[in-house]
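Right, one structure below, let's go through it.
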Amino acid sequence: MNKKLNLIALTSLVLNSMLGAGVFSLPQNMAMIASPLALIIGWSITGIGIIFLALSLLLLNKLEPNLQGGIFSYAKNGFGNLIGFYSTWGYWLCAVIANISYLVIVFSAIGILIDTPNHIIFGCGNTWISILGASILLWIIHFLLLKGTQTASNINIITTLCKLIPLTIFIVLTCIVFNFKLFSIDLLGLQTKISIFKQVKDTMLITLWVFIGLEGAVILSNKAKNSKDVGKATLLAVLIALFIYLLISLLPFGIMSRLDLSKIKNPSMASIMTVLIGKWGDIFISLGLIISVCGSYLSWTIMAAEVPWIAAKNKIFPKILSKQNDYQAPSYALWFTNISMQICLILIWITKINYNKLLTIASEMILVPYFLVGAYLVNISCRKKINKFNLFIGIGSCIYSIWLLYAAGFINLLLSLILYTPGLIFLLLIKTINPKILFLNKIEKLLCFILFITFFYALYFLFN
C-alpha cells in the first residue's frame, strides 16, 4: 500500500513541477522580448494573477472536497460534460507537451557538454540520438511509477533540493557581481523600439509557462496525508518560485547588456555562469539543469497520468483508464499517457520542433482550463451566495486568464484550437465504443459541430 504524501512531499512536488527547464532559460527568453522595467511589471501582474488562481483552486478544494482532481471536475460540474471533457483534454495535452519539452531540453543540455561545432550529436534535443535517449528515459520513469507515487515522491524531494543548489549559487554570484549602472542603461527598453505595453504582453506566456504545475497538490489531493497541507504546499511553492523567477530574470541585466543576453544560447544561465566563474560554468549549470528537469519530468508524469485516471473516475474518459495496479498506481492511464508521449517524440524528430516552440504550445493548451477554474468559483459563489471574498478571488482569476488569452494572440489561439480538435475525434471514438459515457445535450452537440468547422478555418488561416 502507498503511504500518503506529507507537506514536504506535496510542496516539493509542486515546486519541482514549476522549477523545471524554463528557469534555466529565463534570462535569454526574457531579454529577447522585454526590458527590466517591463519584466518587473510583467512579473507583478503574473504574481498577482497566479496568487488569484492558486487561491481559487484552494477555495474550490474546500468548497467542493468531493470533486477530486480539481481543474477538470470543476469544469464538468459547473459547465457540463463537453466543457469538462475539453478542459480535461487541454490540461492532459499540456502535461504531455510539457513532459516532452523536458526530455528535449535534457538532451539539449547534454549537447552543450558533448557536442562540438563540427560534430553535433544531441543538438537542440531533436536529433535521432536525442529522441532515442529521451525514449529510454521515458520508459525507465514509466516502470518506476508503476511501483507507486511514494517512491517517486521521495526522489522528488531529493531532486528539488539538488536543483535549488545551482539556482541559489547563481543568484548569490549575480548579486555579488551585479552592476546597477549596466542594469539601468535601458530600463524602458527604448532600444527594442517596442512599447512597454507590448513588452509586458509578450512576457505573459513565458511567465505563465514557468508557473504551470501550481495545481499539482490539488490534483493529488486524494493522496495527501492531511487535506490542509494541500493549500499550504501550493502557496508556499508559488511564493518560493516567484522569488526565484524574479531574481533570475532581472539580475543578469546587471551582468550583460540586454542585447547580449538576448543572443546567447539556451540554457542561457549556463553562458552567464561562464562569465561569472569561467569554463566550469557551462558544466555546473548543465548538470543542474539535467537533475532539475528529470525531477520536474517525474512530477509532471505523475500528474499527466493522474489526469486520465481521474477523468475516467468522473466518467469523462473510458472506464478502463481508472484501473490501478497492486501499488495503487494508475497503470492503464500511465500506459495511455506514455505511449502518447512516445508518439510525440517521434513527431518532434520529424518536424525538428525545439524547446521554445513546445513552451508556447503547452502554455496555450492550459489557458482554457485555468480560465474555467475562476469561472467555476464565480459560478458557485453566485449560486450558493457564498461570501464576497470568494467572488472577488474568482473574478480576479478570470480577469487574469482573459488577459492571458489576449496576450497569447490570435494566431496562437488558432493553433490551440487545432490541438483541441483531436480531442473531439477521441470523444467521438469513446462515444462509439460506449454510447452511455459522457452524455451530450443538443446544445453541446451543436457546439461540437461548430468547433469542427472552426478547425478547418484555423487550418486554412494558418497555412495561407
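In the C-alpha cells, each chain is lettered A, B, ... as it comes, each chain's residues begin at 1, and ligands are numbered from 1 in order of appearance.
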Show me, as a VMD selection string, the residues that have an atom within 9 Å of A:Leu19 when counting only C-alpha atoms, minus same-chain residues fewer than 5 positions from it. chain A and resid 14 24 160 163 to 164 210 to 211 241 245 292 to 293 296
Those selected residues, please, written with C-alpha atoms and delivered as an mmCIF file, in the first residue's frame.
```cif
data_model
loop_
_atom_site.group_PDB
_atom_site.id
_atom_site.type_symbol
_atom_site.label_atom_id
_atom_site.label_comp_id
_atom_site.auth_asym_id
_atom_site.auth_seq_id
_atom_site.Cartn_x
_atom_site.Cartn_y
_atom_site.Cartn_z
ATOM 1 C CA VAL A 14 4.556 21.420 -6.755
ATOM 2 C CA PHE A 24 17.393 27.913 -16.767
ATOM 3 C CA THR A 160 14.096 19.538 -5.540
ATOM 4 C CA LYS A 163 18.003 21.888 -8.268
ATOM 5 C CA LEU A 164 17.826 24.611 -5.598
ATOM 6 C CA VAL A 210 7.126 28.644 -15.517
ATOM 7 C CA PHE A 211 4.157 28.540 -13.115
ATOM 8 C CA ALA A 241 9.090 30.074 -7.206
ATOM 9 C CA TYR A 245 11.987 33.692 -11.092
ATOM 10 C CA SER A 292 16.222 19.709 -12.302
ATOM 11 C CA VAL A 293 14.428 18.672 -15.462
ATOM 12 C CA SER A 296 10.226 18.043 -12.984
#
```
Within 10 Å of A:Ala311, counting only C-alpha atoms, which residues qualify if same-chain residues fewer than 5 places away don't, as a PDB file with N, CA and C atoms, in the first residue's frame?
```pdb
ATOM      1  N   GLN A  68     -12.669  15.403  -6.719  1.00  0.00           N
ATOM      2  CA  GLN A  68     -11.239  15.121  -6.790  1.00  0.00           C
ATOM      3  C   GLN A  68     -10.687  15.446  -8.181  1.00  0.00           C
ATOM      4  N   GLY A  69      -9.471  15.963  -8.191  1.00  0.00           N
ATOM      5  CA  GLY A  69      -8.831  16.257  -9.473  1.00  0.00           C
ATOM      6  C   GLY A  69      -8.889  17.709  -9.861  1.00  0.00           C
ATOM      7  N   PHE A  72     -10.431  19.717 -13.939  1.00  0.00           N
ATOM      8  CA  PHE A  72     -11.364  19.114 -14.903  1.00  0.00           C
ATOM      9  C   PHE A  72     -12.717  18.819 -14.285  1.00  0.00           C
ATOM     10  N   SER A  73     -12.727  18.374 -13.014  1.00  0.00           N
ATOM     11  CA  SER A  73     -14.004  18.088 -12.368  1.00  0.00           C
ATOM     12  C   SER A  73     -14.788  19.370 -12.107  1.00  0.00           C
ATOM     13  N   LYS A  76     -16.460  20.257 -15.482  1.00  0.00           N
ATOM     14  CA  LYS A  76     -17.593  19.365 -15.775  1.00  0.00           C
ATOM     15  C   LYS A  76     -18.782  19.687 -14.889  1.00  0.00           C
ATOM     16  N   GLY A  84     -16.297  20.021 -19.642  1.00  0.00           N
ATOM     17  CA  GLY A  84     -15.480  19.203 -18.749  1.00  0.00           C
ATOM     18  C   GLY A  84     -14.498  18.345 -19.524  1.00  0.00           C
ATOM     19  N   PHE A  85     -14.976  17.754 -20.617  1.00  0.00           N
ATOM     20  CA  PHE A  85     -14.106  16.922 -21.443  1.00  0.00           C
ATOM     21  C   PHE A  85     -12.984  17.751 -22.063  1.00  0.00           C
ATOM     22  N   THR A  88     -10.353  18.745 -19.597  1.00  0.00           N
ATOM     23  CA  THR A  88      -9.510  17.586 -19.296  1.00  0.00           C
ATOM     24  C   THR A  88      -8.522  17.337 -20.419  1.00  0.00           C
ATOM     25  N   TRP A  89      -9.019  17.354 -21.643  1.00  0.00           N
ATOM     26  CA  TRP A  89      -8.167  17.108 -22.808  1.00  0.00           C
ATOM     27  C   TRP A  89      -7.052  18.152 -22.905  1.00  0.00           C
ATOM     28  N   TRP A  92      -4.517  17.667 -20.046  1.00  0.00           N
ATOM     29  CA  TRP A  92      -3.718  16.454 -20.264  1.00  0.00           C
ATOM     30  C   TRP A  92      -2.709  16.670 -21.397  1.00  0.00           C
ATOM     31  N   GLU A 306      -2.263  11.032 -13.792  1.00  0.00           N
ATOM     32  CA  GLU A 306      -3.382  11.214 -12.861  1.00  0.00           C
ATOM     33  C   GLU A 306      -4.603  11.801 -13.581  1.00  0.00           C
ATOM     34  N   ILE A 316     -15.503  10.883 -17.699  1.00  0.00           N
ATOM     35  CA  ILE A 316     -15.158  11.770 -18.810  1.00  0.00           C
ATOM     36  C   ILE A 316     -14.348  11.000 -19.842  1.00  0.00           C
ATOM     37  N   PHE A 317     -13.421  10.160 -19.373  1.00  0.00           N
ATOM     38  CA  PHE A 317     -12.619   9.281 -20.218  1.00  0.00           C
ATOM     39  C   PHE A 317     -13.078   7.833 -20.017  1.00  0.00           C
ATOM     40  N   PRO A 318     -12.683   6.898 -20.909  1.00  0.00           N
ATOM     41  CA  PRO A 318     -13.115   5.499 -20.789  1.00  0.00           C
ATOM     42  C   PRO A 318     -12.795   4.891 -19.416  1.00  0.00           C
ATOM     43  N   LYS A 319     -13.683   4.045 -18.931  1.00  0.00           N
ATOM     44  CA  LYS A 319     -13.585   3.465 -17.593  1.00  0.00           C
ATOM     45  C   LYS A 319     -12.289   2.688 -17.383  1.00  0.00           C
ATOM     46  N   LEU A 321      -9.352   3.344 -18.025  1.00  0.00           N
ATOM     47  CA  LEU A 321      -8.240   4.183 -17.568  1.00  0.00           C
ATOM     48  C   LEU A 321      -8.279   4.434 -16.064  1.00  0.00           C
ATOM     49  N   SER A 322      -9.344   4.023 -15.390  1.00  0.00           N
ATOM     50  CA  SER A 322      -9.449   4.217 -13.934  1.00  0.00           C
ATOM     51  C   SER A 322      -8.845   3.052 -13.154  1.00  0.00           C
ATOM     52  N   ALA A 333      -3.776   4.376 -17.245  1.00  0.00           N
ATOM     53  CA  ALA A 333      -3.630   5.801 -17.581  1.00  0.00           C
ATOM     54  C   ALA A 333      -2.165   6.133 -17.863  1.00  0.00           C
TER      55      ALA A 333
END
```
Exercise for the section: Determine, counting only C-alpha atoms, which protein, DNA and RNA residues have an atom within 9 Å of an atom of A:Val378; residues of the same chain fewer than 3 positions away are not included. Present the result as JSON, numbers by chain. Expected result: {"A": [373, 374, 375, 381, 382, 383, 390, 391, 392, 393, 394, 395, 398]}
I need the residues from that last selection saved to file as a PDB file, in the first residue's frame (with C-alpha atoms), if you can.
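Printed below is part_39.pdb as written:
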```
ATOM      1  CA  VAL A 373     -11.242  27.396 -12.525  1.00  0.00           C
ATOM      2  CA  GLY A 374     -12.006  31.058 -11.823  1.00  0.00           C
ATOM      3  CA  ALA A 375     -15.279  30.859 -13.762  1.00  0.00           C
ATOM      4  CA  SER A 381     -20.232  31.808  -5.319  1.00  0.00           C
ATOM      5  CA  CYS A 382     -23.265  33.330  -7.070  1.00  0.00           C
ATOM      6  CA  ARG A 383     -25.306  30.116  -6.977  1.00  0.00           C
ATOM      7  CA  ASN A 390     -14.719  34.114  -2.806  1.00  0.00           C
ATOM      8  CA  LEU A 391     -16.474  36.001  -5.601  1.00  0.00           C
ATOM      9  CA  PHE A 392     -13.650  38.581  -5.657  1.00  0.00           C
ATOM     10  CA  ILE A 393     -10.989  35.863  -5.936  1.00  0.00           C
ATOM     11  CA  GLY A 394     -12.947  34.116  -8.716  1.00  0.00           C
ATOM     12  CA  ILE A 395     -13.365  37.335 -10.717  1.00  0.00           C
ATOM     13  CA  CYS A 398     -10.982  35.132 -14.561  1.00  0.00           C
TER      14      CYS A 398
END
```
Exercise. If you count only C-alpha atoms, which residues fall within 12 Å of A:Ser101, apart from same-chain ones fewer than 6 positions away, as an MDAnalysis selection string?
Worked result: chainID A and resid 20:22 94:95 107:108 124:126 131 134 209 293:294 296:297 300 341 344:345 348 353:363
The residue from A:Leu413, A:Ala270, A:Ile48, A:Ala408 with the smallest atom-to-atom distance to A:Asp282, counting only C-alpha atoms, is A:Ala270
Need the shell around A:Asn77: protein/DNA/RNA residues with any atom at most 12 Å away, counting only C-alpha atoms. Skip same-chain ones fewer than 2 positions apart. Format as a ChimeraX atom specification?
/A:60,64,66-75,79-85,87,314-316,372-373,375-377,379-380
Q.
So that I can check the secondary structure, give me every residue of stretch 21-236 of chain A assigned helix (DSSP H, G or I) by backbone DSSP, as a ChimeraX atom specification.
A. /A:22-31,36-63,71-79,81-114,128-145,149-177,180-183,190-192,196-209,216-219,221-223,228-236
Exercise for review: List the neighbours of A:Phe243 out to 12 Å using only C-alpha atoms; skip same-chain residues closer than 3 positions along the sequence, and give me the result as a PyMOL selection string.
Suggested key: chain A and resi 19+23+40+43-44+47+167-168+171+211+236-240+246-250
Only C-alpha atoms, please: the residues just picked out, written as a PDB file, in the first residue's frame.
```pdb
ATOM      1  CA  LEU A  19      11.008  24.789 -11.383  1.00  0.00           C
ATOM      2  CA  VAL A  23      14.011  28.727 -15.161  1.00  0.00           C
ATOM      3  CA  ILE A  40       9.111  43.991 -13.219  1.00  0.00           C
ATOM      4  CA  TRP A  43       6.167  39.550 -13.024  1.00  0.00           C
ATOM      5  CA  SER A  44       3.988  41.762 -10.797  1.00  0.00           C
ATOM      6  CA  GLY A  47       2.454  37.145  -9.341  1.00  0.00           C
ATOM      7  CA  LEU A 167      19.870  28.221  -8.615  1.00  0.00           C
ATOM      8  CA  THR A 168      20.872  29.602  -5.199  1.00  0.00           C
ATOM      9  CA  ILE A 171      21.556  34.126  -7.563  1.00  0.00           C
ATOM     10  CA  PHE A 211       4.157  28.540 -13.115  1.00  0.00           C
ATOM     11  CA  LEU A 236       4.484  28.023  -0.207  1.00  0.00           C
ATOM     12  CA  ALA A 237       5.698  26.643  -3.549  1.00  0.00           C
ATOM     13  CA  VAL A 238       4.222  29.595  -5.513  1.00  0.00           C
ATOM     14  CA  LEU A 239       5.909  32.212  -3.293  1.00  0.00           C
ATOM     15  CA  ILE A 240       9.306  30.443  -3.412  1.00  0.00           C
ATOM     16  CA  LEU A 246      12.080  37.422 -10.375  1.00  0.00           C
ATOM     17  CA  LEU A 247      15.747  37.383  -9.354  1.00  0.00           C
ATOM     18  CA  ILE A 248      16.891  35.094 -12.186  1.00  0.00           C
ATOM     19  CA  SER A 249      15.084  37.261 -14.772  1.00  0.00           C
ATOM     20  CA  LEU A 250      16.381  40.630 -13.536  1.00  0.00           C
TER      21      LEU A 250
END
```
Taking 6 positions as the minimum chain separation for residues in the same chain, which residues sit within 8 Å of A:Met30 when counting only C-alpha atoms? Answer as a PyMOL selection string. chain A and resi 39+203+206+249+262
Kindly export the residues of the current selection with N, CA and C atoms, as a PDB file, in the first residue's frame.
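Generated file (again-v8.pdb):
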```pdb
ATOM      1  N   LEU A  39       9.789  43.750 -17.365  1.00  0.00           N
ATOM      2  CA  LEU A  39       9.831  42.482 -16.624  1.00  0.00           C
ATOM      3  C   LEU A  39       9.273  42.643 -15.215  1.00  0.00           C
ATOM      4  N   THR A 203       5.647  39.005 -22.455  1.00  0.00           N
ATOM      5  CA  THR A 203       6.237  38.156 -21.406  1.00  0.00           C
ATOM      6  C   THR A 203       5.225  37.176 -20.817  1.00  0.00           C
ATOM      7  N   ILE A 206       5.465  33.283 -21.266  1.00  0.00           N
ATOM      8  CA  ILE A 206       6.662  32.740 -20.608  1.00  0.00           C
ATOM      9  C   ILE A 206       6.465  32.705 -19.097  1.00  0.00           C
ATOM     10  N   SER A 249      15.423  36.461 -13.585  1.00  0.00           N
ATOM     11  CA  SER A 249      15.084  37.261 -14.772  1.00  0.00           C
ATOM     12  C   SER A 249      15.797  38.606 -14.785  1.00  0.00           C
ATOM     13  N   SER A 262      20.077  38.561 -25.063  1.00  0.00           N
ATOM     14  CA  SER A 262      19.069  38.046 -25.996  1.00  0.00           C
ATOM     15  C   SER A 262      19.661  37.113 -27.044  1.00  0.00           C
TER      16      SER A 262
END
```
Original post:
Which of these residues is nearest to A:Ile50, using only C-alpha atoms: A:Ile165, A:Ile399, A:Ile244, A:Leu446?
Top reply: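 Closest residue, counting only C-alpha atoms: A:Ile399.
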So, counting only C-alpha atoms, which residue among A:Ala109, A:Leu161, A:Thr127, A:Leu144 is closest to A:Ser268?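 Among A:Ala109, A:Leu161, A:Thr127, A:Leu144, it is A:Ala109 that comes nearest to A:Ser268.
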Length of the atom CA of A:Leu214 to atom CA of A:Phe371 vector [Å]
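Atom CA of A:Leu214 sits 14.3 Å away from atom CA of A:Phe371.
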In terms of only C-alpha atoms, the residue from A:Leu187, A:Pro252, A:Leu414, A:Leu93 at minimal distance from A:Val172 is A:Pro252
Determine the nearest neighbour of A:Leu261 from the options A:Leu298, A:Ile310, A:Leu145, A:Val275, counting only C-alpha atoms.
->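 Distance minimum relative to A:Leu261 lands on A:Val275.
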